[in-house]
>>> print(open('structure.tsv').read())   # TSV, C-alpha atoms
chain	number	residue	atom	x	y	z
A	26	MET	CA	-15.32	-0.59	13.76
A	27	ASN	CA	-12.69	-1.74	16.23
A	28	GLY	CA	-10.49	-3.14	13.50
A	29	GLU	CA	-10.76	0.07	11.51
A	30	SER	CA	-9.69	2.32	14.35
A	31	THR	CA	-6.57	0.26	14.91
A	32	TYR	CA	-5.87	0.11	11.19
A	33	LYS	CA	-5.66	3.85	10.68
A	34	PRO	CA	-2.94	4.80	13.15
A	35	ASN	CA	-0.96	1.93	11.79
A	36	PHE	CA	-0.85	3.64	8.44
A	37	THR	CA	0.48	6.83	9.89
A	38	VAL	CA	3.23	4.81	11.44
A	39	VAL	CA	4.12	3.45	8.03
A	40	ASP	CA	3.98	6.97	6.60
A	41	ASP	CA	6.23	8.37	9.28
A	42	ILE	CA	9.02	5.93	8.70
A	43	GLU	CA	8.78	5.98	4.95
A	44	LEU	CA	12.36	7.08	4.43
A	45	PRO	CA	14.21	4.23	6.13
A	46	GLU	CA	11.72	1.70	4.87
A	47	PRO	CA	12.68	1.59	1.20
A	48	ASN	CA	16.21	0.72	2.22
A	49	LEU	CA	14.93	-2.21	4.18
A	50	GLU	CA	12.77	-3.24	1.27
A	51	GLU	CA	15.64	-3.15	-1.15
A	52	LYS	CA	17.98	-5.14	1.03
A	53	SER	CA	15.62	-7.77	2.30
A	54	ASN	CA	13.86	-10.33	0.20
A	55	SER	CA	10.19	-11.18	0.52
A	56	GLN	CA	10.60	-13.72	3.33
A	57	THR	CA	12.49	-11.55	5.76
A	58	LYS	CA	10.38	-8.51	5.02
A	59	GLU	CA	7.55	-9.65	7.23
A	60	THR	CA	9.69	-9.76	10.34
A	61	THR	CA	11.13	-6.29	9.88
A	62	LEU	CA	7.86	-4.42	9.73
A	63	PRO	CA	6.06	-2.97	12.74
A	64	LEU	CA	2.80	-4.49	11.57
A	65	GLU	CA	3.47	-7.62	13.59
A	66	ASP	CA	3.49	-5.71	16.83
A	67	ASN	CA	-0.16	-5.09	16.44
A	68	ALA	CA	-2.08	-7.93	18.01
A	69	ASP	CA	-5.37	-6.93	16.44
A	70	LEU	CA	-4.29	-7.75	12.91
A	71	ASN	CA	-4.40	-11.44	12.22
A	72	PRO	CA	-1.95	-13.06	9.77
A	73	ASN	CA	-4.53	-13.16	7.00
A	74	GLU	CA	-5.00	-9.44	7.20
A	75	ILE	CA	-1.26	-8.88	7.17
A	76	ASN	CA	-0.92	-11.12	4.13
A	77	LEU	CA	-3.68	-9.17	2.46
A	78	ILE	CA	-1.80	-5.93	2.99
A	79	TYR	CA	1.43	-7.47	1.71
A	80	GLY	CA	-0.48	-8.72	-1.31
A	81	GLU	CA	-1.82	-5.22	-1.88
A	82	ARG	CA	1.68	-3.77	-1.78
A	83	HIS	CA	2.87	-5.60	-4.87
A	84	LYS	CA	-0.38	-5.63	-6.77
A	85	ILE	CA	-0.22	-4.38	-10.34
A	86	ARG	CA	-2.06	-1.08	-10.41
A	87	LEU	CA	-3.19	0.43	-13.67
A	88	PHE	CA	-6.36	2.33	-12.79
A	89	ASP	CA	-5.73	3.24	-9.18
A	90	PRO	CA	-3.93	6.53	-8.42
A	91	LYS	CA	-5.00	6.30	-4.77
A	92	GLY	CA	-3.34	2.90	-4.40
A	93	ILE	CA	-0.13	4.16	-5.96
A	94	TYR	CA	-0.10	7.04	-3.51
A	95	THR	CA	-0.93	4.84	-0.51
A	96	PHE	CA	1.87	2.37	-1.29
A	97	ARG	CA	4.30	5.03	-2.43
A	98	HIS	CA	7.06	3.68	-0.14
A	99	ILE	CA	7.08	0.34	-1.98
A	100	LYS	CA	9.51	-0.04	-4.83
A	101	ILE	CA	7.82	-0.41	-8.21
A	102	SER	CA	9.15	-3.36	-10.20
A	103	ASN	CA	10.51	-3.25	-13.73
A	104	PHE	CA	7.56	-5.18	-15.06
A	105	GLN	CA	5.10	-2.77	-13.44
A	106	SER	CA	6.92	0.22	-14.84
A	107	PHE	CA	6.83	-1.39	-18.26
A	108	LEU	CA	3.08	-1.89	-17.93
A	109	HIS	CA	2.67	1.72	-16.80
A	110	THR	CA	4.62	3.00	-19.81
A	111	LEU	CA	2.63	0.85	-22.20
A	112	SER	CA	-0.72	1.79	-20.72
A	113	ILE	CA	0.03	5.52	-20.56
A	114	CYS	CA	0.94	5.43	-24.27
A	115	ILE	CA	-2.30	3.68	-25.18
A	116	SER	CA	-4.38	5.98	-22.99
A	117	LEU	CA	-2.79	9.16	-24.30
A	118	LEU	CA	-3.35	7.97	-27.85
A	119	LEU	CA	-6.99	7.30	-27.06
A	120	ILE	CA	-7.46	10.69	-25.39
A	121	VAL	CA	-5.81	12.66	-28.20
A	122	ASN	CA	-7.80	10.80	-30.84
A	123	PHE	CA	-11.01	11.23	-28.90
A	124	TYR	CA	-10.45	14.97	-28.63
A	125	ARG	CA	-9.56	15.16	-32.32
A	126	LEU	CA	-12.69	13.26	-33.24
A	127	LEU	CA	-14.76	15.51	-31.01
A	128	ILE	CA	-13.36	18.61	-32.69
A	129	THR	CA	-13.30	17.54	-36.34
A	130	GLY	CA	-16.44	15.42	-36.08
A	131	SER	CA	-18.43	18.42	-34.96
A	132	HIS	CA	-17.81	20.30	-38.18
A	133	GLN	CA	-20.76	20.58	-40.45
A	134	PHE	CA	-21.03	21.90	-43.96
A	135	VAL	CA	-22.98	25.10	-44.58
A	136	SER	CA	-23.45	26.03	-48.23
A	137	GLY	CA	-21.74	29.28	-49.08
A	138	LEU	CA	-19.59	29.12	-45.97
A	139	GLY	CA	-17.82	25.79	-45.85
A	140	LYS	CA	-17.38	23.79	-42.72
A	141	VAL	CA	-18.47	25.37	-39.46
A	142	ASN	CA	-17.83	23.93	-36.06
A	143	ASN	CA	-20.71	22.89	-33.86
A	144	LEU	CA	-19.03	22.98	-30.46
A	145	ASN	CA	-20.81	25.25	-28.06
A	146	LEU	CA	-19.38	27.48	-25.42
A	147	LEU	CA	-19.86	24.90	-22.67
A	148	ASP	CA	-17.98	22.24	-24.67
A	149	LYS	CA	-15.12	24.62	-25.37
A	150	LEU	CA	-14.86	25.82	-21.77
A	151	SER	CA	-14.94	22.27	-20.40
A	152	MET	CA	-12.41	20.94	-22.91
A	153	THR	CA	-10.07	23.84	-22.25
A	154	PHE	CA	-10.43	23.38	-18.50
A	155	ILE	CA	-9.68	19.65	-18.70
A	156	ALA	CA	-6.66	20.23	-20.94
A	157	ILE	CA	-5.20	22.99	-18.76
A	158	TYR	CA	-5.97	21.20	-15.48
A	159	GLY	CA	-4.37	17.98	-16.71
A	160	PHE	CA	-1.35	19.86	-17.97
A	161	ILE	CA	-0.85	21.66	-14.65
A	162	LYS	CA	-1.24	18.47	-12.63
A	163	ILE	CA	1.17	16.48	-14.80
A	164	LYS	CA	3.67	19.31	-14.52
A	165	LYS	CA	3.31	19.10	-10.74
A	166	VAL	CA	3.92	15.37	-10.73
A	167	VAL	CA	7.12	15.87	-12.68
A	168	SER	CA	8.46	18.14	-9.96
A	169	ILE	CA	7.32	15.98	-7.04
A	170	LYS	CA	9.76	13.99	-4.88
A	171	VAL	CA	7.87	11.72	-2.58
A	172	THR	CA	10.04	8.65	-2.47
A	173	LYS	CA	13.57	7.62	-3.33
A	174	PHE	CA	12.52	6.06	-6.61
A	175	TYR	CA	10.53	9.08	-7.68
A	176	THR	CA	10.89	8.58	-11.43
A	177	ARG	CA	8.98	5.32	-11.30
A	178	TYR	CA	6.52	6.80	-8.83
A	179	ARG	CA	5.83	9.74	-11.14
A	180	LEU	CA	5.38	7.45	-14.11
A	181	ALA	CA	3.09	5.18	-12.11
A	182	LEU	CA	0.99	8.07	-10.82
A	183	CYS	CA	0.66	9.69	-14.26
A	184	ALA	CA	-0.19	6.39	-15.91
A	185	ASN	CA	-2.75	5.48	-13.28
A	186	ALA	CA	-4.39	8.90	-13.36
A	187	ILE	CA	-4.69	8.91	-17.15
A	188	ASN	CA	-5.81	5.28	-17.32
A	189	PHE	CA	-8.37	6.04	-14.64
A	190	ILE	CA	-9.79	8.84	-16.80
A	191	VAL	CA	-9.97	6.60	-19.87
A	192	LEU	CA	-11.59	3.72	-17.98
A	193	ASN	CA	-14.17	5.90	-16.31
A	194	TYR	CA	-14.94	7.80	-19.47
A	195	PHE	CA	-15.46	4.48	-21.22
A	196	LYS	CA	-17.90	3.45	-18.50
A	197	LEU	CA	-19.67	6.79	-18.78
A	198	SER	CA	-19.98	6.44	-22.56
A	199	ILE	CA	-21.52	2.99	-22.24
A	200	LEU	CA	-23.96	4.32	-19.67
A	201	PHE	CA	-24.97	7.20	-21.94
A	202	LEU	CA	-25.24	4.91	-24.95
A	203	ALA	CA	-27.60	2.67	-23.00
A	204	LEU	CA	-29.56	5.73	-21.90
A	205	GLN	CA	-29.83	6.99	-25.48
A	206	LEU	CA	-30.98	3.61	-26.74
A	207	LEU	CA	-33.60	3.55	-24.01
A	208	ILE	CA	-34.84	7.02	-25.00
A	209	ILE	CA	-34.91	5.98	-28.68
A	210	ARG	CA	-36.93	2.90	-27.77
A	211	VAL	CA	-39.49	5.00	-25.91
A	212	LYS	CA	-39.58	8.19	-27.95
A	213	TYR	CA	-38.88	7.19	-31.54
A	214	PRO	CA	-39.78	3.50	-31.83
A	215	ASN	CA	-40.54	3.71	-35.55
A	216	LYS	CA	-37.47	5.60	-36.74
A	217	ARG	CA	-34.23	4.19	-38.04
A	218	VAL	CA	-31.59	4.02	-35.33
A	219	ASP	CA	-29.12	6.42	-36.98
A	220	ILE	CA	-31.84	9.02	-37.66
A	221	ALA	CA	-33.07	8.68	-34.10
A	222	PHE	CA	-29.51	9.16	-32.81
A	223	ASP	CA	-29.23	12.35	-34.87
A	224	LEU	CA	-32.50	13.61	-33.45
A	225	ILE	CA	-31.44	12.86	-29.89
A	226	GLN	CA	-28.01	14.34	-30.18
A	227	ASN	CA	-29.28	17.64	-31.52
A	228	GLY	CA	-31.98	19.02	-29.34
A	229	VAL	CA	-32.82	20.71	-26.10
A	230	MET	CA	-32.44	17.45	-24.21
A	231	ALA	CA	-28.98	16.84	-25.64
A	232	ASP	CA	-27.87	20.31	-24.58
A	233	THR	CA	-29.21	19.75	-21.09
A	234	LEU	CA	-27.58	16.34	-20.87
A	235	SER	CA	-24.30	17.77	-22.11
A	236	ILE	CA	-23.90	19.87	-18.98
A	237	ILE	CA	-24.29	16.69	-16.89
A	238	THR	CA	-21.78	14.84	-19.08
A	239	TRP	CA	-19.24	17.62	-18.75
A	240	PHE	CA	-19.80	17.83	-15.01
A	241	ILE	CA	-19.13	14.11	-14.63
A	242	SER	CA	-16.12	14.29	-16.97
A	243	ILE	CA	-14.58	17.14	-14.98
A	244	SER	CA	-15.23	15.26	-11.72
A	245	ILE	CA	-13.46	12.20	-13.16
A	246	VAL	CA	-10.46	14.30	-14.19
A	247	ILE	CA	-10.25	16.05	-10.82
A	248	LYS	CA	-10.52	12.73	-8.98
A	249	ALA	CA	-7.90	11.12	-11.20
A	250	PHE	CA	-5.34	13.85	-10.63
A	251	LYS	CA	-6.16	14.26	-6.94
A	252	TYR	CA	-2.99	12.54	-5.75
A	253	CYS	CA	-0.72	14.14	-8.32
A	254	SER	CA	-0.01	17.20	-6.22
A	255	VAL	CA	-0.10	15.50	-2.83
A	256	GLY	CA	3.21	14.66	-1.18
A	257	GLU	CA	6.51	16.20	-0.34
A	258	THR	CA	8.10	18.55	-2.81
A	259	LYS	CA	11.78	19.26	-2.44
B	16	MET	CA	-1.97	18.30	-23.93
B	17	GLY	CA	-0.36	21.11	-25.88
B	18	LEU	CA	-1.59	19.48	-29.04
B	19	ILE	CA	-5.12	19.47	-27.70
B	20	LEU	CA	-4.88	23.13	-26.72
B	21	CYS	CA	-3.64	24.08	-30.18
B	22	SER	CA	-6.48	22.24	-31.84
B	23	ILE	CA	-9.02	23.90	-29.58
B	24	ILE	CA	-7.73	27.32	-30.50
B	25	GLN	CA	-7.77	26.57	-34.21
B	26	MET	CA	-11.14	24.94	-34.19
B	27	SER	CA	-12.73	27.04	-36.86
B	28	TYR	CA	-11.75	26.93	-40.46
B	29	ALA	CA	-13.76	27.71	-43.50
B	30	ASN	CA	-12.90	26.59	-46.99
B	31	GLU	CA	-15.41	28.42	-49.14
B	32	SER	CA	-15.42	32.05	-50.10
B	33	LEU	CA	-18.41	34.09	-49.08
B	34	PRO	CA	-20.91	35.19	-51.73
B	35	GLU	CA	-20.40	38.78	-52.89
B	36	ASP	CA	-23.48	40.14	-51.17
B	37	CYS	CA	-22.16	38.98	-47.83
B	38	SER	CA	-18.54	40.00	-48.29
B	39	HIS	CA	-18.95	42.70	-45.62
B	40	LEU	CA	-19.28	39.85	-43.11
B	41	GLN	CA	-15.87	38.36	-43.90
B	42	SER	CA	-14.56	39.16	-40.42
B	43	VAL	CA	-17.54	37.38	-38.85
B	44	LYS	CA	-16.73	34.25	-40.82
B	45	GLU	CA	-13.32	34.08	-39.17
B	46	ALA	CA	-14.67	34.76	-35.68
B	47	ASP	CA	-15.20	31.83	-33.40
B	48	PHE	CA	-16.49	33.04	-30.07
B	49	VAL	CA	-20.27	32.91	-29.87
B	50	LEU	CA	-20.47	34.89	-26.64
B	51	PHE	CA	-19.42	38.13	-28.30
B	52	SER	CA	-20.64	37.62	-31.82
B	53	LYS	CA	-23.97	35.80	-31.71
B	54	LYS	CA	-25.73	38.67	-33.52
B	55	ASP	CA	-23.05	38.74	-36.19
B	56	PHE	CA	-23.36	35.01	-36.77
B	57	VAL	CA	-27.13	35.37	-37.06
B	58	ALA	CA	-26.63	38.22	-39.53
B	59	LEU	CA	-24.23	36.07	-41.53
B	60	GLY	CA	-26.80	33.27	-41.62
B	61	GLU	CA	-29.50	35.70	-42.77
B	62	CYS	CA	-27.29	37.03	-45.52
B	63	LEU	CA	-26.43	33.51	-46.71
B	64	ALA	CA	-30.07	32.44	-46.76
B	65	ILE	CA	-31.18	35.51	-48.69
B	66	ASN	CA	-28.37	34.96	-51.15
B	67	LEU	CA	-29.42	31.34	-51.66
B	68	ILE	CA	-33.05	32.34	-52.16
B	69	LYS	CA	-32.01	34.93	-54.74
B	70	GLN	CA	-30.07	32.28	-56.59
B	71	LYS	CA	-33.18	30.08	-56.44
B	72	ALA	CA	-31.16	27.37	-54.74
B	73	PRO	CA	-33.03	25.00	-52.42
B	74	LEU	CA	-32.60	25.62	-48.70
B	75	ASN	CA	-32.56	23.20	-45.82
B	76	LEU	CA	-34.74	25.23	-43.51
B	77	LEU	CA	-36.04	22.38	-41.39
B	78	GLU	CA	-32.79	22.03	-39.48
B	79	SER	CA	-32.34	25.79	-39.28
B	80	CYS	CA	-35.77	26.41	-37.85
B	81	ASN	CA	-35.36	23.56	-35.41
B	82	GLU	CA	-32.39	25.48	-34.06
B	83	VAL	CA	-34.54	28.60	-33.57
B	84	ASP	CA	-37.02	26.50	-31.63
B	85	GLU	CA	-34.20	24.92	-29.64
B	86	ASP	CA	-32.82	28.34	-28.78
B	87	ARG	CA	-36.25	29.44	-27.59
B	88	ARG	CA	-36.69	26.50	-25.22
B	89	ASN	CA	-33.11	26.08	-24.07
B	90	ILE	CA	-32.41	26.54	-20.39
B	91	LEU	CA	-28.67	26.93	-20.82
B	92	GLY	CA	-29.00	29.86	-23.20
B	93	ILE	CA	-25.84	31.08	-24.85
B	94	LEU	CA	-23.75	28.42	-23.08
B	95	SER	CA	-25.10	25.73	-25.34
B	96	LEU	CA	-25.08	27.74	-28.54
B	97	SER	CA	-22.46	26.96	-31.16
B	98	LYS	CA	-21.33	28.99	-34.14
B	99	LEU	CA	-23.08	26.56	-36.47
B	100	GLU	CA	-26.33	26.82	-34.55
B	101	ALA	CA	-26.22	30.62	-34.58
B	102	ILE	CA	-25.66	30.66	-38.34
B	103	LEU	CA	-28.45	28.15	-38.93
B	104	MET	CA	-30.79	30.25	-36.80
B	105	GLY	CA	-29.90	33.24	-38.94
B	106	GLN	CA	-30.76	31.26	-42.08
B	107	CYS	CA	-34.23	30.47	-40.81
B	108	VAL	CA	-34.92	34.03	-39.69
B	109	GLY	CA	-33.43	35.49	-42.87
B	110	ALA	CA	-35.51	33.30	-45.17
B	111	ILE	CA	-38.73	34.07	-43.31
B	112	ASN	CA	-38.08	37.80	-43.29
B	113	TYR	CA	-37.13	37.81	-46.97
B	114	ILE	CA	-40.36	36.07	-47.95
B	115	TYR	CA	-42.36	38.41	-45.73
B	116	GLN	CA	-40.78	41.56	-47.14
B	117	HIS	CA	-41.16	40.43	-50.72
B	118	TYR	CA	-44.61	38.93	-50.76
B	119	ASP	CA	-46.72	40.33	-47.93
B	120	ASN	CA	-49.56	42.44	-49.33
B	121	GLU	CA	-48.18	42.02	-52.83
B	122	PRO	CA	-50.65	41.14	-55.57
B	123	VAL	CA	-50.70	37.56	-56.79
B	124	SER	CA	-49.99	37.44	-60.46
B	125	THR	CA	-51.63	34.48	-62.14
B	126	TYR	CA	-51.64	34.66	-65.92
B	127	GLY	CA	-51.36	38.43	-65.74
B	128	VAL	CA	-54.56	38.84	-63.73
B	129	GLU	CA	-54.06	40.33	-60.31
B	130	THR	CA	-57.10	39.69	-58.15
B	131	LYS	CA	-55.60	38.37	-54.93
B	132	THR	CA	-52.86	39.47	-52.55
B	133	TYR	CA	-50.46	37.47	-50.43
B	134	GLN	CA	-50.85	37.44	-46.64
B	135	CYS	CA	-47.64	36.15	-45.09
B	136	THR	CA	-46.75	35.04	-41.61
B	137	LYS	CA	-43.55	35.86	-39.80
B	138	GLY	CA	-41.98	35.32	-36.43
B	139	PHE	CA	-42.38	32.17	-34.40
B	140	SER	CA	-45.61	31.12	-36.11
B	141	ALA	CA	-43.68	31.02	-39.41
B	142	VAL	CA	-40.91	29.04	-37.73
B	143	ASP	CA	-43.46	26.51	-36.52
B	144	ILE	CA	-45.03	26.22	-39.99
B	145	ILE	CA	-41.64	25.37	-41.51
B	146	ARG	CA	-40.83	22.91	-38.73
B	147	GLN	CA	-44.07	21.06	-39.37
B	148	SER	CA	-43.56	20.96	-43.13
B	149	ALA	CA	-41.02	18.13	-42.67
B	150	SER	CA	-39.28	18.58	-46.00
B	151	ASP	CA	-35.50	18.69	-46.00
B	152	SER	CA	-34.89	21.16	-48.80
B	153	ILE	CA	-37.32	23.78	-49.88
B	154	SER	CA	-37.38	26.11	-52.88
B	155	ARG	CA	-38.39	29.74	-52.94
B	156	THR	CA	-41.85	29.20	-54.43
B	157	LYS	CA	-42.61	26.33	-52.06
B	158	LEU	CA	-41.54	28.46	-49.13
B	159	ARG	CA	-43.77	31.27	-50.34
B	160	ASP	CA	-46.73	28.93	-50.70
B	161	LEU	CA	-46.03	27.56	-47.25
B	162	LEU	CA	-45.81	30.91	-45.49
B	163	CYS	CA	-48.22	33.02	-47.50
B	164	SER	CA	-51.88	32.56	-48.17
B	165	ARG	CA	-53.77	34.20	-51.04
B	166	VAL	CA	-56.62	36.47	-50.01
B	167	ASN	CA	-59.05	38.43	-52.07
>>> encode(input="structure.tsv", output="structure tokens")
Amino acid sequence: MNGESTYKPNFTVVDDIELPEPNLEEKSNSQTKETTLPLEDNADLNPNEINLIYGERHKIRLFDPKGIYTFRHIKISNFQSFLHTLSICISLLLIVNFYRLLITGSHQFVSGLGKVNNLNLLDKLSMTFIAIYGFIKIKKVVSIKVTKFYTRYRLALCANAINFIVLNYFKLSILFLALQLLIIRVKYPNKRVDIAFDLIQNGVMADTLSIITWFISISIVIKAFKYCSVGETK
Amino acid sequence: MGLILCSIIQMSYANESLPEDCSHLQSVKEADFVLFSKKDFVALGECLAINLIKQKAPLNLLESCNEVDEDRRNILGILSLSKLEAILMGQCVGAINYIYQHYDNEPVSTYGVETKTYQCTKGFSAVDIIRQSASDSISRTKLRDLLCSRVN
């Protein structure tokens, strides 16, 4: 409790002097950096804690938009930017393919009519909302100028937000898969697994669960892009 | 993101031409928004089912009637209804109504002797009968035997 209350004002101090700080960072190397920062003035932080914070500053972040925003005054290295570029490409590919699969995979053949899509209104509304929300937020990031090295910051924030969505959606899918297997085990123990999956995914329960899935998905997206519009715009 | 938007807008495509009897529903086939055109989709499904029955083609009514049941019990209502589901519902309703109109109170003709008449069910009881039949595709005569009983 005591440590936390002294920790918070310290951060505002770092935030306030964020403009001169990058210059210091660029000029000084890692050894001299420790002496230039006001952190040492604070007697309550022991050296281990200070080292921990320094360690956090240069940590590679791929799924952590909040961390990128918190350490926005720290210069992002070439290697980190490379990782961000690589991961954003992979994540975008995954998202686009997932959406495509969701749309084309839902088509079903009706004799005399051809293929008809099986996405309901809730699916369409949620998908449109996610697409538009993401688009708006990414557009905002592109126009944001928080630090001196804003291009890398923008890239890092975008990559982290999108990777965060992919990671959390992956976790959510595994959770729902486990849940479905559990329901199959209890409800249809004698049926073949693929038939049981079909039964589960097309019923009242599936429709009710879908609203929960979409709610969680939208929460993930909103949380991921939370820091995209925060900061100074010039 | 733009790509995703485009694909959402162009989600519906159909690659078969409608049967002649249903050609008046061509505009419904292109429509994609269930909120405004649920009734039209149901009508399209009815028309398709009747057309298939007339052609004596087997129908997959189990899935269709499951959708009717799903629609009846669903708490989300129209929010969780898709175009496909609306059309399938129409197929179930259309087939049941067609059988009812054609066979109810009609004399049974066995070897030219007409002693009995058909008594057919309709509505949700008919839907439940089909759902319990558990056969994937069903022909016209089997459907008639399922829904109609012969009374003296």
>>> interface_residues(input="structure.tsv", of="chain A", to="chain B", cutoff="10 Å", atoms="all atoms listed in the file", output="compact mmCIF listing (two decimals) with C-alpha atoms, in the frame of the given file")
# COMPACT_ATOMS: atom_id res chain seq x y z
CA LEU A 117 -2.79 9.16 -24.30
CA ILE A 120 -7.46 10.69 -25.39
CA VAL A 121 -5.81 12.66 -28.20
CA ASN A 122 -7.80 10.80 -30.84
CA TYR A 124 -10.45 14.97 -28.63
CA ARG A 125 -9.56 15.16 -32.32
CA ILE A 128 -13.36 18.61 -32.69
CA THR A 129 -13.30 17.54 -36.34
CA SER A 131 -18.43 18.42 -34.96
CA HIS A 132 -17.81 20.30 -38.18
CA GLN A 133 -20.76 20.58 -40.45
CA PHE A 134 -21.03 21.90 -43.96
CA VAL A 135 -22.98 25.10 -44.58
CA SER A 136 -23.45 26.03 -48.23
CA GLY A 137 -21.74 29.28 -49.08
CA LEU A 138 -19.59 29.12 -45.97
CA GLY A 139 -17.82 25.79 -45.85
CA LYS A 140 -17.38 23.79 -42.72
CA VAL A 141 -18.47 25.37 -39.46
CA ASN A 142 -17.83 23.93 -36.06
CA ASN A 143 -20.71 22.89 -33.86
CA LEU A 144 -19.03 22.98 -30.46
CA ASN A 145 -20.81 25.25 -28.06
CA LEU A 146 -19.38 27.48 -25.42
CA LEU A 147 -19.86 24.90 -22.67
CA ASP A 148 -17.98 22.24 -24.67
CA LYS A 149 -15.12 24.62 -25.37
CA LEU A 150 -14.86 25.82 -21.77
CA MET A 152 -12.41 20.94 -22.91
CA THR A 153 -10.07 23.84 -22.25
CA PHE A 154 -10.43 23.38 -18.50
CA ILE A 155 -9.68 19.65 -18.70
CA ALA A 156 -6.66 20.23 -20.94
CA ILE A 157 -5.20 22.99 -18.76
CA TYR A 158 -5.97 21.20 -15.48
CA GLY A 159 -4.37 17.98 -16.71
CA PHE A 160 -1.35 19.86 -17.97
CA ILE A 161 -0.85 21.66 -14.65
CA ILE A 163 1.17 16.48 -14.80
CA ASN A 227 -29.28 17.64 -31.52
CA GLY A 228 -31.98 19.02 -29.34
CA VAL A 229 -32.82 20.71 -26.10
CA MET A 230 -32.44 17.45 -24.21
CA ALA A 231 -28.98 16.84 -25.64
CA ASP A 232 -27.87 20.31 -24.58
CA THR A 233 -29.21 19.75 -21.09
CA SER A 235 -24.30 17.77 -22.11
CA ILE A 236 -23.90 19.87 -18.98
>>> closest_residue(input="structure.tsv", among="B:Leu77, B:Ile111, B:Val83, B:Val128", to="B:Arg146", atoms="only C-alpha atoms")
B:Leu77
>>> atom_distance(input="structure.tsv", atom1="atom CA of A:Asn71", atom2="atom CA of A:Ile101")
26.2 Å
>>> residues_around(input="structure.tsv", residues="A:Phe201", least_positions_apart="5", cutoff="10 Å", atoms="only C-alpha atoms", output="mmCIF file with C-alpha atoms, in the coordinates of the input")
data_model
loop_
_atom_site.group_PDB
_atom_site.id
_atom_site.type_symbol
_atom_site.label_atom_id
_atom_site.label_comp_id
_atom_site.auth_asym_id
_atom_site.auth_seq_id
_atom_site.Cartn_x
_atom_site.Cartn_y
_atom_site.Cartn_z
ATOM 1 C CA PHE A 195 -15.460 4.480 -21.220
ATOM 2 C CA LYS A 196 -17.900 3.450 -18.500
ATOM 3 C CA LEU A 206 -30.980 3.610 -26.740
ATOM 4 C CA LEU A 207 -33.600 3.550 -24.010
ATOM 5 C CA LEU A 234 -27.580 16.340 -20.870
ATOM 6 C CA THR A 238 -21.780 14.840 -19.080
#
>>> closest_residue(input="structure.tsv", among="A:Leu77, A:Ile241, A:Ile209, A:Leu111", to="A:Ala184", atoms="all atoms listed in the file")
A:Leu111
>>> residues_around(input="structure.tsv", residues="A:Ile93", least_positions_apart="3", cutoff="9 Å", atoms="only C-alpha atoms", output="number ranges by chain")
A: 86, 89-90, 96-97, 178, 181-182, 185, 252
